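**Student:** Here it is, the structure in full.
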Amino acid sequence: MTWAKIPLRRHLRFRRSPNIFFRLLGASVAGGLSALVFDIFLDLPEIEELRVVTPGLPTIILDQNGSIIDRLYSERRDPVPLKALPRQLTDAIIAAEDSRFLDHIGLDMKGILRSLVNNLRSGHVVQGGSTITQQLAKVLFLTPKRTISRKAKEAVLSIKIERAFTKDQILELYLNQIYFGHGAFGVSEASKTFFGKPVDQLTLPECALIAALPRAPYVYSPFRNPRKALTRRNWILSRMREADKISQEDETSARTSELLLRNDSAQTTPIAPYFVDFIRPQIEKIVGQHRAYTGGLKVSTSLNLALQLAANAAIKNGLQKIRSSLSLPQRQYLQGALIAMDPENGAILAMVGGDDYTLTPFNRTISALRQPGSAFKPVVFLSALLSGYRQMQAVWDAPVSYQGSPEKGNWRPENYNRAHTGRITLRQALAQSNNIASVRLLENLGISQVIELARRLGWTTPLTNDLSLAFGTSEISPLELTTIYAIFANGGFRVEGHGIKTVRDASGASIYDYRPHKIGVVSPDATYILTDMLRDVVKTGTAHLLSDVSGDIAGKTGTTSHGRDAWFIGYTPQLVMGVWVGIDHGSPKIRMTGGSSALPIWKEVYQTAEIGRPYSEFSLPNNVTRIAVDPFSGLMASDECRDTITIAVRKSELPIEPCRANTPILE
């Protein structure tokens with residue numbers, strides 16, 4: 001339809017429509033502006049909120065003596081006060097980001113107009129107009145999305161921040177909050193990331209380089225784009241010279257300096273990464289996940305730094321020696337774990353879950369289930385002591401056969417050395433880790449009785465319901481097995497392995513205090529006599545490599561078939577420590593023993609760590625005494641005895657008859 005053919009009435013109605021159109025347009029604009037104003041001021045922080053605003057602070061993990069062992073953070077940050085920063089660094093930041101920072105009220109109108117003119121001349125954005133205060137407002141409260149609403153909120157917040165804070169406070173917040181690239185938030189972390197030094201040791205060219213980064217951390221990264229980083233650094237130096245913050249000589253010298261960055265290999269190795277992984281979920285449970293990484297908490301732990309460092313080195317050195325002796329080229333074949341605890345309360349003193357956390361973060365101390373081999377035998381012998389057996393009582397070590405299935409045939413257990421002793425005391429059988437004597441003892445006691453005791457001691461994983469139980473065929477974690485040995489050390493009380501002592505908030509107020517609890521599960525008499533027997537493992541038995549070490553030490557080695565698992569769990573009144581060495585994935589078959597592989601690692605840690613030695617002796621229970629007896633018959637020592645040893649005996653079970661020449665072994 002052409003214009004000429006439109007009826008006059010419709011033509012006139014159309015001519016009146018612009019008034020309606022502009023009214024509608026005006027209403028829409030007014031509504032839009034109202035909505036925009038409402039959106040700008042909706043949910044803006046109040047002045048009082050701004051006065052207490054602080055950036056997310058890391059949680060500090062401390063050892064038992066207050067030394068820092070690690071930090072937890074969502075953003076890697078180490079806040080420092082403004083007065084601790086080099087003046088050249090703050091001058092460089094101001095020169096780079098906001099030269100009129102000390103003069104404006106949060107918005108720099110001259111800077112905005114200058115940026116607008118420069119951007120129009122170039123045809124694209126070449127210069128920003130945001131002040132340091134605006135950048136801080138955006139980082140603290142807003143999203144990085146570029147919208148009119150966000151920019152308006154940023155402007156309002158900037159003015160409110162300027163009213164709530166002094167210039168020094170704003171600058172301090174900014175320097176500790178802003179991102180510098182490569183995971184570093186704040187100037188302190190930037191200094192360590194790029195130069196490997198504390199921020200107060202930065203030189204002038206280093207200060208200028210750090211100041212070059214906030215504008216575009218990826219673009220000006222000296223690791224990625226050293227030429228662009230140098231160009232911007234030198235531009236900042238010229239800006240500092242223009243502002244009379246440095247002399248011409250300083251600028252010239254700094255411009256010609258080389259870009260000496262920290263080598264990535266200089267990164268520090270975490271002290272106790274497996275331990276921190278162990279307590280991390282517990283911290284999250286106590287305070288919540290967000291607060292655990294941003295709340296500036298201080299977590300005091302049970303970790304002993306000296307012991308942990310010794311454990312780290314011993315595991316690494318020990319595994320390296322074993323790999324070399326067995327010609328195992330691949331790291332993943334052979335691994336190790338170590339857990340050390342205070343037996344009185346279960347406090348974890350050291351934890352190593354592998355020899356290199358960066359390559360193998362799997363924590364074997366808590367997550368690897370392994371067969372303990374002969375390290376299970378103390379449970380069998382403790383069951384015997386609780387049933388009325390005496391440590392000098394005799395068992396029979398001779399070939400034995402048990403009926404098996406038609407497919408597998410009869411089972412004939414063997415000792416490690418394939419030899420047989422005949423009659424042997426319980427004390428000797430445990431010291432020599434005699435397999436056949438242990439199986440016969442388990443058979444006499446009953447499998448169900450030993451399983452029940454293992455459960456009472458805290459064994460949570462499935463237990464083999466046959467006589468192979470004596471050989472330690474049931475899997476368990478190093479932490480759980482070491483916690484069971486803590487019961488032997490502390491007189492019969494089950495304790496919980498734990499790492500956190502206290503949690504305090506940023507102001508020092510208490511959030512959490514660990515309250516240790518002990519549960520009596522076996523008699524002190526039986527555990528002391530078992531400890532006395534395990535002393536002999538160290539003096540004359542499979543752990544004799546410790547016989548030259550000072551201290552009241554008891555313990556047990558453990559070795560599984562084909563040598564895939566090697567253990568030593570040793571303890572004193574103040575320390576229980578378990579070491580496992582083994583093949584992660586079940587192959588290849590190698591020949592290791594607890595005494596030759598795990599025990600040297602234990603010995604190295606024990607001898608090198610300063611943990612309050614010399615150790616005291618185990619406390620003698622009221623119902624137990626120590627007497628000299630004939631080691632073959634168990635009778636009271638006399639002049640006619642061929643030899644004597646001192647053992648622990650219940651007072652109610654004291655032998656009366658003295659030994660005679662050629663007295664037969666006690667039945």
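For the structure tokens, the naming scheme is as follows: chains receive sequential letters (A, B, ...) according to their order of presentation, residues are indexed from 1 within each chain, and ligands are indexed from 1 in presentation order.
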Looking only at the backbone, which of the residues in range 102-291 of chain A does DSSP tag as helix (DSSP H, G or I), as a compact mmCIF listing (two decimals) with N, CA and C atoms, in the first residue's frame?
**Tutor:**
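As written to disk, result21.txt reads:
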# COMPACT_ATOMS: atom_id res chain seq x y z
N MET A 109 38.48 12.20 38.31
CA MET A 109 37.77 12.71 37.15
C MET A 109 38.75 13.14 36.06
N LYS A 110 39.88 13.75 36.44
CA LYS A 110 40.87 14.12 35.43
C LYS A 110 41.40 12.88 34.72
N GLY A 111 41.65 11.83 35.49
CA GLY A 111 42.14 10.59 34.89
C GLY A 111 41.12 9.97 33.97
N ILE A 112 39.84 10.02 34.36
CA ILE A 112 38.78 9.46 33.53
C ILE A 112 38.69 10.21 32.20
N LEU A 113 38.72 11.58 32.26
CA LEU A 113 38.65 12.38 31.03
C LEU A 113 39.87 12.14 30.14
N ARG A 114 41.04 12.05 30.78
CA ARG A 114 42.26 11.81 30.01
C ARG A 114 42.20 10.44 29.31
N SER A 115 41.70 9.43 30.01
CA SER A 115 41.59 8.10 29.43
C SER A 115 40.58 8.09 28.29
N LEU A 116 39.46 8.82 28.48
CA LEU A 116 38.43 8.88 27.45
C LEU A 116 38.98 9.50 26.17
N VAL A 117 39.73 10.60 26.31
CA VAL A 117 40.31 11.26 25.14
C VAL A 117 41.30 10.33 24.43
N ASN A 118 42.17 9.71 25.19
CA ASN A 118 43.17 8.81 24.59
C ASN A 118 42.53 7.62 23.89
N ASN A 119 41.46 7.10 24.49
CA ASN A 119 40.78 5.95 23.90
C ASN A 119 40.06 6.35 22.61
N LEU A 120 39.44 7.56 22.61
CA LEU A 120 38.77 8.03 21.40
C LEU A 120 39.77 8.27 20.27
N ARG A 121 40.92 8.81 20.61
CA ARG A 121 41.93 9.07 19.59
C ARG A 121 42.45 7.78 18.95
N SER A 122 42.60 6.74 19.77
CA SER A 122 43.16 5.49 19.25
C SER A 122 42.10 4.61 18.61
N ILE A 132 43.05 3.18 42.31
CA ILE A 132 43.35 2.06 43.21
C ILE A 132 42.14 1.73 44.07
N THR A 133 41.42 2.75 44.50
CA THR A 133 40.24 2.53 45.32
C THR A 133 39.16 1.80 44.54
N GLN A 134 38.96 2.17 43.28
CA GLN A 134 37.97 1.49 42.44
C GLN A 134 38.35 0.02 42.23
N GLN A 135 39.64 -0.22 41.98
CA GLN A 135 40.08 -1.60 41.80
C GLN A 135 39.84 -2.42 43.06
N LEU A 136 40.08 -1.80 44.22
CA LEU A 136 39.85 -2.49 45.47
C LEU A 136 38.37 -2.79 45.67
N ALA A 137 37.51 -1.84 45.34
CA ALA A 137 36.07 -2.04 45.46
C ALA A 137 35.61 -3.21 44.59
N LYS A 138 36.14 -3.25 43.37
CA LYS A 138 35.76 -4.32 42.45
C LYS A 138 36.20 -5.67 42.99
N VAL A 139 37.43 -5.75 43.49
CA VAL A 139 37.96 -7.03 43.96
C VAL A 139 37.24 -7.50 45.22
N LEU A 140 36.94 -6.57 46.13
CA LEU A 140 36.34 -6.95 47.40
C LEU A 140 34.85 -7.28 47.29
N PHE A 141 34.13 -6.54 46.45
CA PHE A 141 32.68 -6.62 46.52
C PHE A 141 31.97 -6.96 45.21
N ILE A 148 27.29 -1.32 32.92
CA ILE A 148 27.06 0.03 33.43
C ILE A 148 26.73 -0.02 34.92
N SER A 149 25.91 -1.00 35.28
CA SER A 149 25.51 -1.14 36.68
C SER A 149 26.72 -1.41 37.56
N ARG A 150 27.61 -2.31 37.11
CA ARG A 150 28.79 -2.64 37.93
C ARG A 150 29.72 -1.44 38.07
N LYS A 151 29.93 -0.70 36.99
CA LYS A 151 30.79 0.48 37.05
C LYS A 151 30.20 1.54 37.98
N ALA A 152 28.86 1.68 37.94
CA ALA A 152 28.22 2.65 38.82
C ALA A 152 28.37 2.23 40.29
N LYS A 153 28.15 0.94 40.56
CA LYS A 153 28.34 0.44 41.92
C LYS A 153 29.79 0.66 42.38
N GLU A 154 30.71 0.41 41.47
CA GLU A 154 32.13 0.58 41.76
C GLU A 154 32.42 2.03 42.17
N ALA A 155 31.81 2.97 41.47
CA ALA A 155 32.04 4.38 41.78
C ALA A 155 31.48 4.73 43.16
N VAL A 156 30.27 4.27 43.44
CA VAL A 156 29.65 4.56 44.73
C VAL A 156 30.46 3.94 45.86
N LEU A 157 30.84 2.68 45.68
CA LEU A 157 31.61 1.99 46.70
C LEU A 157 32.96 2.65 46.93
N SER A 158 33.58 3.13 45.88
CA SER A 158 34.88 3.77 46.01
C SER A 158 34.80 5.00 46.91
N ILE A 159 33.76 5.79 46.71
CA ILE A 159 33.58 6.98 47.55
C ILE A 159 33.34 6.57 49.01
N LYS A 160 32.54 5.50 49.20
CA LYS A 160 32.27 5.03 50.57
C LYS A 160 33.54 4.48 51.22
N ILE A 161 34.36 3.79 50.45
CA ILE A 161 35.62 3.26 50.97
C ILE A 161 36.53 4.40 51.40
N GLU A 162 36.60 5.45 50.58
CA GLU A 162 37.46 6.59 50.90
C GLU A 162 37.00 7.27 52.19
N ARG A 163 35.70 7.24 52.44
CA ARG A 163 35.19 7.85 53.67
C ARG A 163 35.45 6.95 54.88
N ALA A 164 35.48 5.64 54.66
CA ALA A 164 35.61 4.70 55.77
C ALA A 164 37.06 4.44 56.15
N LYS A 167 43.98 6.74 53.54
CA LYS A 167 44.70 6.36 52.32
C LYS A 167 45.66 5.20 52.59
N ASP A 168 46.33 5.23 53.74
CA ASP A 168 47.25 4.14 54.07
C ASP A 168 46.50 2.81 54.21
N GLN A 169 45.34 2.84 54.83
CA GLN A 169 44.56 1.62 54.98
C GLN A 169 44.10 1.07 53.62
N ILE A 170 43.68 1.98 52.75
CA ILE A 170 43.25 1.56 51.41
C ILE A 170 44.42 0.94 50.66
N LEU A 171 45.56 1.59 50.73
CA LEU A 171 46.73 1.09 50.01
C LEU A 171 47.17 -0.26 50.57
N GLU A 172 47.12 -0.42 51.88
CA GLU A 172 47.50 -1.70 52.48
C GLU A 172 46.56 -2.82 52.05
N LEU A 173 45.26 -2.54 52.06
CA LEU A 173 44.29 -3.53 51.59
C LEU A 173 44.55 -3.90 50.13
N TYR A 174 44.78 -2.91 49.33
CA TYR A 174 45.02 -3.13 47.90
C TYR A 174 46.26 -3.99 47.68
N LEU A 175 47.35 -3.66 48.33
CA LEU A 175 48.61 -4.36 48.11
C LEU A 175 48.56 -5.81 48.60
N ASN A 176 47.70 -6.08 49.56
CA ASN A 176 47.57 -7.45 50.06
C ASN A 176 46.48 -8.25 49.36
N GLN A 177 45.66 -7.56 48.55
CA GLN A 177 44.51 -8.22 47.95
C GLN A 177 44.68 -8.47 46.46
N VAL A 187 51.41 -8.48 47.48
CA VAL A 187 52.81 -8.23 47.12
C VAL A 187 53.77 -9.20 47.79
N SER A 188 53.44 -9.70 48.98
CA SER A 188 54.34 -10.63 49.66
C SER A 188 54.49 -11.93 48.87
N GLU A 189 53.35 -12.50 48.44
CA GLU A 189 53.40 -13.73 47.65
C GLU A 189 54.02 -13.46 46.28
N ALA A 190 53.77 -12.28 45.72
CA ALA A 190 54.38 -11.94 44.44
C ALA A 190 55.90 -11.91 44.55
N SER A 191 56.40 -11.36 45.65
CA SER A 191 57.84 -11.30 45.86
C SER A 191 58.44 -12.70 45.92
N LYS A 192 57.78 -13.59 46.65
CA LYS A 192 58.29 -14.96 46.76
C LYS A 192 58.15 -15.72 45.44
N THR A 193 57.05 -15.46 44.72
CA THR A 193 56.80 -16.18 43.47
C THR A 193 57.81 -15.81 42.40
N PHE A 194 58.09 -14.52 42.24
CA PHE A 194 58.94 -14.08 41.13
C PHE A 194 60.42 -13.95 41.50
N PHE A 195 60.69 -13.69 42.79
CA PHE A 195 62.09 -13.47 43.16
C PHE A 195 62.59 -14.38 44.27
N VAL A 199 59.39 -9.79 50.88
CA VAL A 199 59.05 -8.55 50.19
C VAL A 199 59.91 -7.38 50.67
N ASP A 200 60.35 -7.40 51.93
CA ASP A 200 61.15 -6.28 52.43
C ASP A 200 62.58 -6.26 51.90
N GLN A 201 62.95 -7.29 51.10
CA GLN A 201 64.29 -7.35 50.52
C GLN A 201 64.30 -7.01 49.03
N LEU A 204 64.96 -1.86 43.83
CA LEU A 204 64.15 -0.93 43.04
C LEU A 204 63.64 -1.57 41.74
N PRO A 205 64.49 -2.18 40.90
CA PRO A 205 63.95 -2.78 39.67
C PRO A 205 62.96 -3.90 39.94
N GLU A 206 63.13 -4.62 41.05
CA GLU A 206 62.18 -5.68 41.40
C GLU A 206 60.85 -5.08 41.84
N CYS A 207 60.88 -3.99 42.58
CA CYS A 207 59.64 -3.30 42.96
C CYS A 207 58.89 -2.83 41.73
N ALA A 208 59.62 -2.27 40.76
CA ALA A 208 58.97 -1.78 39.54
C ALA A 208 58.38 -2.92 38.73
N LEU A 209 59.05 -4.07 38.72
CA LEU A 209 58.51 -5.21 37.98
C LEU A 209 57.22 -5.72 38.60
N ILE A 210 57.19 -5.81 39.92
CA ILE A 210 55.97 -6.25 40.60
C ILE A 210 54.84 -5.25 40.34
N ALA A 211 55.17 -3.97 40.34
CA ALA A 211 54.15 -2.95 40.07
C ALA A 211 53.63 -3.03 38.64
N PRO A 226 59.00 -12.05 29.06
CA PRO A 226 60.02 -11.21 29.72
C PRO A 226 60.25 -9.87 29.04
N ARG A 227 60.13 -9.82 27.69
CA ARG A 227 60.37 -8.56 26.99
C ARG A 227 59.29 -7.54 27.34
N LYS A 228 58.02 -7.96 27.32
CA LYS A 228 56.94 -7.04 27.68
C LYS A 228 57.04 -6.62 29.14
N ALA A 229 57.44 -7.56 29.99
CA ALA A 229 57.58 -7.24 31.42
C ALA A 229 58.66 -6.17 31.63
N LEU A 230 59.77 -6.31 30.91
CA LEU A 230 60.85 -5.33 31.04
C LEU A 230 60.43 -3.96 30.51
N THR A 231 59.70 -3.96 29.40
CA THR A 231 59.25 -2.69 28.82
C THR A 231 58.35 -1.94 29.79
N ARG A 232 57.40 -2.67 30.42
CA ARG A 232 56.50 -2.00 31.37
C ARG A 232 57.25 -1.63 32.65
N ARG A 233 58.18 -2.46 33.08
CA ARG A 233 58.97 -2.11 34.26
C ARG A 233 59.70 -0.79 34.04
N ASN A 234 60.32 -0.65 32.88
CA ASN A 234 61.08 0.57 32.60
C ASN A 234 60.17 1.79 32.47
N TRP A 235 58.96 1.57 31.94
CA TRP A 235 57.99 2.67 31.88
C TRP A 235 57.63 3.13 33.28
N ILE A 236 57.46 2.18 34.21
CA ILE A 236 57.13 2.54 35.59
C ILE A 236 58.28 3.28 36.24
N LEU A 237 59.50 2.87 35.94
CA LEU A 237 60.66 3.59 36.47
C LEU A 237 60.68 5.04 36.00
N SER A 238 60.30 5.25 34.74
CA SER A 238 60.25 6.63 34.23
C SER A 238 59.15 7.42 34.91
N ARG A 239 58.01 6.77 35.20
CA ARG A 239 56.93 7.44 35.92
C ARG A 239 57.37 7.82 37.34
N MET A 240 58.13 6.94 37.98
CA MET A 240 58.63 7.24 39.32
C MET A 240 59.61 8.42 39.27
N ARG A 241 60.41 8.46 38.22
CA ARG A 241 61.35 9.58 38.07
C ARG A 241 60.59 10.88 37.85
N GLU A 242 59.55 10.87 37.03
CA GLU A 242 58.74 12.06 36.77
C GLU A 242 58.10 12.58 38.05
N GLN A 248 67.58 10.42 38.79
CA GLN A 248 67.93 10.03 37.43
C GLN A 248 68.94 8.87 37.46
N GLU A 249 69.88 8.92 38.40
CA GLU A 249 70.87 7.85 38.51
C GLU A 249 70.21 6.52 38.88
N ASP A 250 69.24 6.59 39.80
CA ASP A 250 68.52 5.37 40.20
C ASP A 250 67.77 4.77 39.01
N GLU A 251 67.11 5.64 38.25
CA GLU A 251 66.36 5.15 37.09
C GLU A 251 67.29 4.49 36.08
N THR A 252 68.38 5.14 35.77
CA THR A 252 69.32 4.61 34.78
C THR A 252 69.88 3.25 35.22
N SER A 253 70.27 3.18 36.49
CA SER A 253 70.82 1.93 37.01
C SER A 253 69.78 0.81 36.99
N ALA A 254 68.56 1.13 37.39
CA ALA A 254 67.50 0.11 37.44
C ALA A 254 67.11 -0.36 36.05
N ARG A 255 67.10 0.56 35.08
CA ARG A 255 66.74 0.21 33.70
C ARG A 255 67.72 -0.80 33.10
N ASP A 264 62.00 -22.00 39.00
CA ASP A 264 60.90 -22.80 39.54
C ASP A 264 61.39 -23.91 40.45
N SER A 265 62.61 -24.39 40.21
CA SER A 265 63.14 -25.47 41.04
C SER A 265 63.44 -25.02 42.45
N ALA A 266 63.41 -23.70 42.65
CA ALA A 266 63.71 -23.17 43.98
C ALA A 266 62.50 -23.21 44.90
N PRO A 273 53.16 -32.59 53.94
CA PRO A 273 51.96 -32.53 53.10
C PRO A 273 50.95 -33.63 53.38
N TYR A 274 51.42 -34.82 53.72
CA TYR A 274 50.49 -35.92 54.01
C TYR A 274 49.73 -35.64 55.31
N PHE A 275 50.42 -35.08 56.28
CA PHE A 275 49.78 -34.74 57.54
C PHE A 275 48.74 -33.65 57.34
N VAL A 276 49.08 -32.63 56.55
CA VAL A 276 48.14 -31.54 56.28
C VAL A 276 46.91 -32.07 55.54
N ASP A 277 47.11 -32.99 54.59
CA ASP A 277 45.97 -33.61 53.91
C ASP A 277 45.11 -34.39 54.89
N PHE A 278 45.74 -34.98 55.91
CA PHE A 278 45.02 -35.76 56.92
C PHE A 278 44.11 -34.87 57.77
N ILE A 279 44.62 -33.68 58.18
CA ILE A 279 43.82 -32.82 59.06
C ILE A 279 42.93 -31.85 58.30
N ARG A 280 43.18 -31.66 57.00
CA ARG A 280 42.40 -30.68 56.22
C ARG A 280 40.88 -30.91 56.32
N PRO A 281 40.38 -32.14 56.04
CA PRO A 281 38.92 -32.33 56.14
C PRO A 281 38.40 -32.15 57.55
N GLN A 282 39.23 -32.39 58.55
CA GLN A 282 38.79 -32.18 59.93
C GLN A 282 38.62 -30.70 60.23
N ILE A 283 39.53 -29.87 59.69
CA ILE A 283 39.39 -28.42 59.86
C ILE A 283 38.12 -27.94 59.17
N GLU A 284 37.87 -28.44 57.96
CA GLU A 284 36.66 -28.06 57.22
C GLU A 284 35.41 -28.43 58.01
N LYS A 285 35.45 -29.59 58.66
CA LYS A 285 34.29 -30.02 59.44
C LYS A 285 34.07 -29.13 60.66
N ILE A 286 35.16 -28.65 61.26
CA ILE A 286 35.05 -27.83 62.47
C ILE A 286 34.52 -26.44 62.15
N VAL A 287 35.01 -25.80 61.08
CA VAL A 287 34.68 -24.39 60.82
C VAL A 287 33.93 -24.17 59.51
N GLN A 289 33.92 -25.23 55.11
CA GLN A 289 34.92 -25.23 54.05
C GLN A 289 35.41 -23.83 53.70
N HIS A 290 34.49 -22.88 53.58
CA HIS A 290 34.90 -21.53 53.18
C HIS A 290 35.80 -20.90 54.24
N ARG A 291 35.40 -21.00 55.49
CA ARG A 291 36.17 -20.36 56.56
C ARG A 291 37.53 -21.03 56.75
**Student:** Could the residues of range 202-320 of chain A that have an atom at most 7 Å from range 480-499 of chain A be listed as a Markdown table, each with its closest atom pair and the distance in Å to one decimal, counting only C-alpha atoms and ordered by chain and ascending residue number?
**Tutor:**
| residue | atom | partner | partner_atom | distance |
| --- | --- | --- | --- | --- |
| A:Ile279 | CA | A:Gly499 | CA | 6.5 |
| A:Thr301 | CA | A:Gly499 | CA | 5.4 |
| A:Ser302 | CA | A:Gly499 | CA | 5.3 |
| A:Leu303 | CA | A:Gly499 | CA | 6.9 |
**Student:** Could you write out that same residue set with C-alpha atoms as a CSV table (one decimal), in the first residue's frame?
**Tutor:**
chain,number,residue,atom,x,y,z
A,279,ILE,CA,43.8,-32.8,59.1
A,301,THR,CA,48.8,-29.4,65.8
A,302,SER,CA,50.6,-32.3,67.5
A,303,LEU,CA,53.2,-32.5,64.8
**Student:** Between A:Ala350, A:Ser523, A:Ser561, A:Ile569, which residue has the minimum interatomic distance to Ile69 in chain A, considering only C-alpha atoms?
**Tutor:**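 Going through A:Ala350, A:Ser523, A:Ser561, A:Ile569 one by one, the smallest distance to Ile69 in chain A is for A:Ala350.
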**Student:** Would you list the contacts of Glu653 in chain A as a ChimeraX atom specification, taking every protein, DNA or RNA residue within 12 Å and counting only C-alpha atoms, but skipping same-chain residues closer than 2 positions in sequence?
**Tutor:** /A:385,388-393,525,623-627,634-636,648-651,655-657
**Student:** With only C-alpha atoms as the counted atoms, please give the residues lying no more than 7 Å from Leu467 in chain A, apart from itself and same-chain residues fewer than 2 positions off, as a list in words.
**Tutor:**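 These residues fall inside the cut-off: Val439, Leu442, Glu443, Ile447, Leu469 and Ala470 of chain A.
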**Student:** Next, write the just-selected residues to a file, as a PDB file, in the first residue's frame, keeping N, CA and C atoms as the atom set.
**Tutor:**
ATOM      1  N   VAL A 439      51.358 -70.441  65.185  1.00  0.00           N
ATOM      2  CA  VAL A 439      50.167 -71.130  64.681  1.00  0.00           C
ATOM      3  C   VAL A 439      49.623 -72.094  65.732  1.00  0.00           C
ATOM      4  N   LEU A 442      47.880 -70.091  68.386  1.00  0.00           N
ATOM      5  CA  LEU A 442      46.573 -69.633  67.913  1.00  0.00           C
ATOM      6  C   LEU A 442      45.562 -70.773  67.921  1.00  0.00           C
ATOM      7  N   GLU A 443      46.006 -71.949  67.521  1.00  0.00           N
ATOM      8  CA  GLU A 443      45.109 -73.119  67.506  1.00  0.00           C
ATOM      9  C   GLU A 443      44.624 -73.445  68.910  1.00  0.00           C
ATOM     10  N   ILE A 447      40.647 -69.307  67.237  1.00  0.00           N
ATOM     11  CA  ILE A 447      40.697 -68.162  66.317  1.00  0.00           C
ATOM     12  C   ILE A 447      39.746 -67.058  66.748  1.00  0.00           C
ATOM     13  N   LEU A 469      45.741 -66.536  60.158  1.00  0.00           N
ATOM     14  CA  LEU A 469      45.636 -65.273  60.891  1.00  0.00           C
ATOM     15  C   LEU A 469      46.915 -64.993  61.672  1.00  0.00           C
ATOM     16  N   ALA A 470      47.561 -66.042  62.183  1.00  0.00           N
ATOM     17  CA  ALA A 470      48.787 -65.879  62.965  1.00  0.00           C
ATOM     18  C   ALA A 470      49.913 -65.275  62.147  1.00  0.00           C
TER      19      ALA A 470
END
**Student:** What separation in Å, quoted to one decimal, exists between CA of Tyr514 in chain A and CA of Thr527 in chain A?
**Tutor:**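 Atom-to-atom, CA of Tyr514 in chain A to CA of Thr527 in chain A, that is 26.7 Å.
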**Student:** Residues within 12 Å of Gln308 in chain A, please, as number ranges by chain. Count only C-alpha atoms; anything in the same chain fewer than 6 positions from it doesn't count.
**Tutor:** A: 63-64, 69, 270-275, 302, 314-315, 338-341, 348-353, 577, 605-606, 608-611
**Student:** Extract, using only C-alpha atoms, all DNA, RNA and protein residues at most 7 Å from Lys298 in chain A, discarding same-chain residues fewer than 4 positions from it, and format them as a PyMOL selection string.
**Tutor:** chain A and resi 59-61+503-505
**Student:** So that I can check the secondary structure, give me every residue of range 361-431 of chain A assigned strand (DSSP E) by backbone DSSP, as a list of chain:residue names.
**Tutor:**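 Filtering range 361-431 of chain A to strand (DSSP E) leaves A:Ala394, A:Val395, A:Trp396, A:Asp397, A:Gly422, A:Arg423, A:Ile424, A:Thr425.
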**Student:** Choose the residue, out of A:Ser652, A:Thr572, A:Thr358, A:Gln335, that has the smallest atom-to-atom separation from Phe618 in chain A; count only C-alpha atoms.
**Tutor:**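 The closest residue to Phe618 in chain A is A:Thr572.
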**Student:** Which residue gives the smallest distance to Leu382 in chain A among A:Val522, A:Leu369, A:Leu326, A:Leu319, with only C-alpha atoms counted?
**Tutor:**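 Among the listed residues, the smallest separation from Leu382 in chain A belongs to A:Val522.
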**Student:** So how many Å separate CA of Tyr220 in chain A and CA of Pro198 in chain A, to one decimal?
**Tutor:**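 The value is 21.3 Å.
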**Student:** Just to confirm, what's the straight-line distance from CA of Ile645 in chain A to CA of Asp552 in chain A in Å (one decimal)?
**Tutor:**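 So the answer is 16.3 Å.
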